[in-house]
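What follows is one structure encoded as structure tokens, with my remarks underneath.
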Amino acid sequence: MEQTAKLSGGKKRFRLERAKVKLLASYYGHPARDLKLICITGTTGKVTVAHYVHEILGIAKQPAAILASEKAIKASVLHRFLNDAWKAKVTYAIITAPAESLAADTFYGLPVYVAALTDFAPTGLADEDLSGYLGAQSSLFEMQPESVVLNRDDAHYADFAKFRGKNETLTYGASSDADLRIDYSKLYRKGCEASLSFGRQAFTVASFLTGEPIIGYMACAAAIATTLNIAPNVITEGIANYDPEQK
């Protein structure tokens with residue numbers, strides 16, 4: 001009886017959240033329909049990847065707005081942002097998608113253009129929480145995005161490999177099976193660089209940020225930009241242009 005009541009309460013909250021999201025979208029006139037949404041999920045690195053992509057689009061002279069946070073994003077904040085982006089006449093809206101927001105159905109009904117994964121490495125979670133966290137992040141890829149970008153090196157890649165973009169699915173990583181491959185990388189005291197290859201194209205990216213995870217974040221941003229048909233030299237310049245200390 002207690003378990004049934006708990007499930008019933010959860011379904012009620014879920015319906016209320018979805019109704020709230022639908023109401024907000026209607027209130028603002030569904031601005032997302034006129035935008036290309038790039039949604040980035042993952043346990044870590046979402047904000048860094050989002051800023052790399054924003055800089056790349058800036059170099060490509062593609063109008064873009066960004067909403068980036070490692071913390072949960074409220075539905076009211078998201079839909080206000082989309083409305084402001086629409087008013088600013090941007091083409092792309094780059095948004096981080098924390099698992100907490102996905103679990104709350106904050107992104108319900110949005111026309112996702114690109115869905116990308118940085119990594120899936122939650123620590124300290126019980127098995128049932130881990131399953132829910134995985135399910136929340138997976139839900140983004142179930143929204144029929146035009147393009148899907150996945151981390152081929154991630155330990156949980158098998159859980160995400162089933163997700164495909166309607167037009168394109170692109171993997172990145174040091175794995176020989178990755179579509180956009182990390183061939184070489186080097187860390188410096190104040191930055192890092194990596195040699196990437198996609199098909200017959202090879203190019204180098206470098207960042208003011210340092211640490212091994214940054215290599216993967218640069219590759220993720222490069223893969224997202226590749227799905228947008230942005231040239232490697234523009235990707236290189238955009239990634240190099242992001243300096244968080246100047247923001």
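Labels for the structure tokens follow display order: chains A, B, ..., residues from 1 in each chain, ligands from 1.
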Next item on the list: Using DSSP on the backbone coordinates, identify the residues of stretch 55-146 of chain A assigned to strand (DSSP E); present them as number ranges by chain.
Entry: A: 64-67, 92-96, 112-117
Note to self: Could you list, as JSON, numbers by chain, every residue within 10 Å of A:Ala161, counting only C-alpha atoms and ignoring same-chain residues fewer than 5 positions away?
What the structure shows: {"A": [150, 151, 152, 156, 169, 171]}
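Ranking A:Gly165, A:Gly42, A:Gly191, A:Pro63 by their shortest atom-to-atom distance to A:Tyr242, with only C-alpha atoms included, puts A:Gly191 first.
Nearest-residue note for A:Leu37: choosing from A:Ala85, A:Ile56, A:Leu24, A:Val77, the minimum distance belongs to A:Ala85, counting only C-alpha atoms.
When only C-alpha atoms are used to compute distances to A:Ala103, the closest of the residues A:Ala116, A:Leu35, A:Val53, A:Ala72 turns out to be A:Ala72.
In this structure, atom CA of A:Asp183 sits 7.0 Å away from atom CA of A:Ser197.
Put simply, atom CA of A:Lys74 is 12.2 Å away from atom CA of A:Ile95.
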Note to self: Between atom CA of A:Thr226 and atom CA of A:Lys61, what is the distance in Å, rounded to a tenth?
What the structure shows: 15.3 Å
Note to self: Just checking: using only C-alpha atoms, which residue out of A:Ala206, A:Ala231, A:Ala93, A:Cys192 ends up closest to A:Leu67?
What the structure shows: A:Ala93
Item checked: stretch 121-123 of chain A environment, 7 Å, only C-alpha atoms, sequence neighbours closer than 2 positions dropped, as a PyMOL selection string -> chain A and resi 43+119+125
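Nearest residue to A:Ala99, choosing from A:Glu55, A:Glu70, A:Asp84, A:Glu142 and counting only C-alpha atoms: A:Glu70.
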Stretch 88-130 of chain A residues near stretch 138-141 of chain A within 12 Å, closest pair each, using only C-alpha atoms, as CSV:
residue,atom,partner,partner_atom,distance
A:Ile95,CA,A:Leu140,CA,12.0
A:Thr96,CA,A:Leu140,CA,11.1
A:Ala97,CA,A:Leu140,CA,8.1
A:Pro98,CA,A:Leu140,CA,10.0
A:Ala99,CA,A:Ser138,CA,8.9
A:Glu100,CA,A:Ser139,CA,11.5
A:Ser101,CA,A:Leu140,CA,10.4
A:Leu102,CA,A:Ser139,CA,7.0
A:Ala103,CA,A:Ser139,CA,8.2
A:Ala104,CA,A:Ser139,CA,10.9
A:Asp105,CA,A:Ser139,CA,9.1
A:Thr106,CA,A:Leu140,CA,10.7
A:Phe107,CA,A:Leu140,CA,8.1
A:Tyr108,CA,A:Leu140,CA,9.3
A:Gly109,CA,A:Leu140,CA,10.8
A:Leu110,CA,A:Leu140,CA,10.1
A:Pro111,CA,A:Leu140,CA,10.8
A:Val112,CA,A:Leu140,CA,8.4
A:Tyr113,CA,A:Phe141,CA,10.6
A:Val114,CA,A:Phe141,CA,9.2
A:Ala115,CA,A:Phe141,CA,6.3
A:Ala116,CA,A:Phe141,CA,8.2
A:Leu117,CA,A:Phe141,CA,9.3
A:Asp119,CA,A:Ser138,CA,11.8
A:Phe120,CA,A:Ser138,CA,10.3
Could you pull the residues within 9 Å of A:Arg181, counting only C-alpha atoms, minus those fewer than 2 positions along the same chain, as a short mmCIF file (atom, residue, chain, number, x, y, z; two decimals) with C-alpha atoms, in the first residue's frame?
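Now in part21.cif:
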data_model
loop_
_atom_site.label_atom_id
_atom_site.label_comp_id
_atom_site.auth_asym_id
_atom_site.auth_seq_id
_atom_site.Cartn_x
_atom_site.Cartn_y
_atom_site.Cartn_z
CA THR A 171 31.12 9.78 -31.76
CA TYR A 172 34.34 11.31 -30.47
CA GLY A 173 37.26 10.05 -28.39
CA ALA A 174 40.67 8.37 -28.45
CA SER A 175 39.08 5.06 -29.45
CA SER A 176 39.94 3.88 -32.96
CA ASP A 177 36.19 3.42 -33.44
CA ALA A 178 35.41 7.10 -32.81
CA ASP A 179 34.25 9.17 -35.80
CA ASP A 183 45.09 11.20 -32.10
CA SER A 195 45.37 16.65 -32.53
CA LEU A 196 41.98 15.61 -33.92
CA SER A 197 40.99 13.85 -37.10
CA PHE A 198 37.67 13.43 -38.84
CA ALA A 219 36.76 17.01 -28.82
#
Note to self: I need the residues of stretch 37-220 of chain A that end up classed as alpha helix (DSSP H) by DSSP on the backbone, written out as a ChimeraX atom specification.
What the structure shows: /A:46-59,75-87,99-103,127-141,157-160,212-220
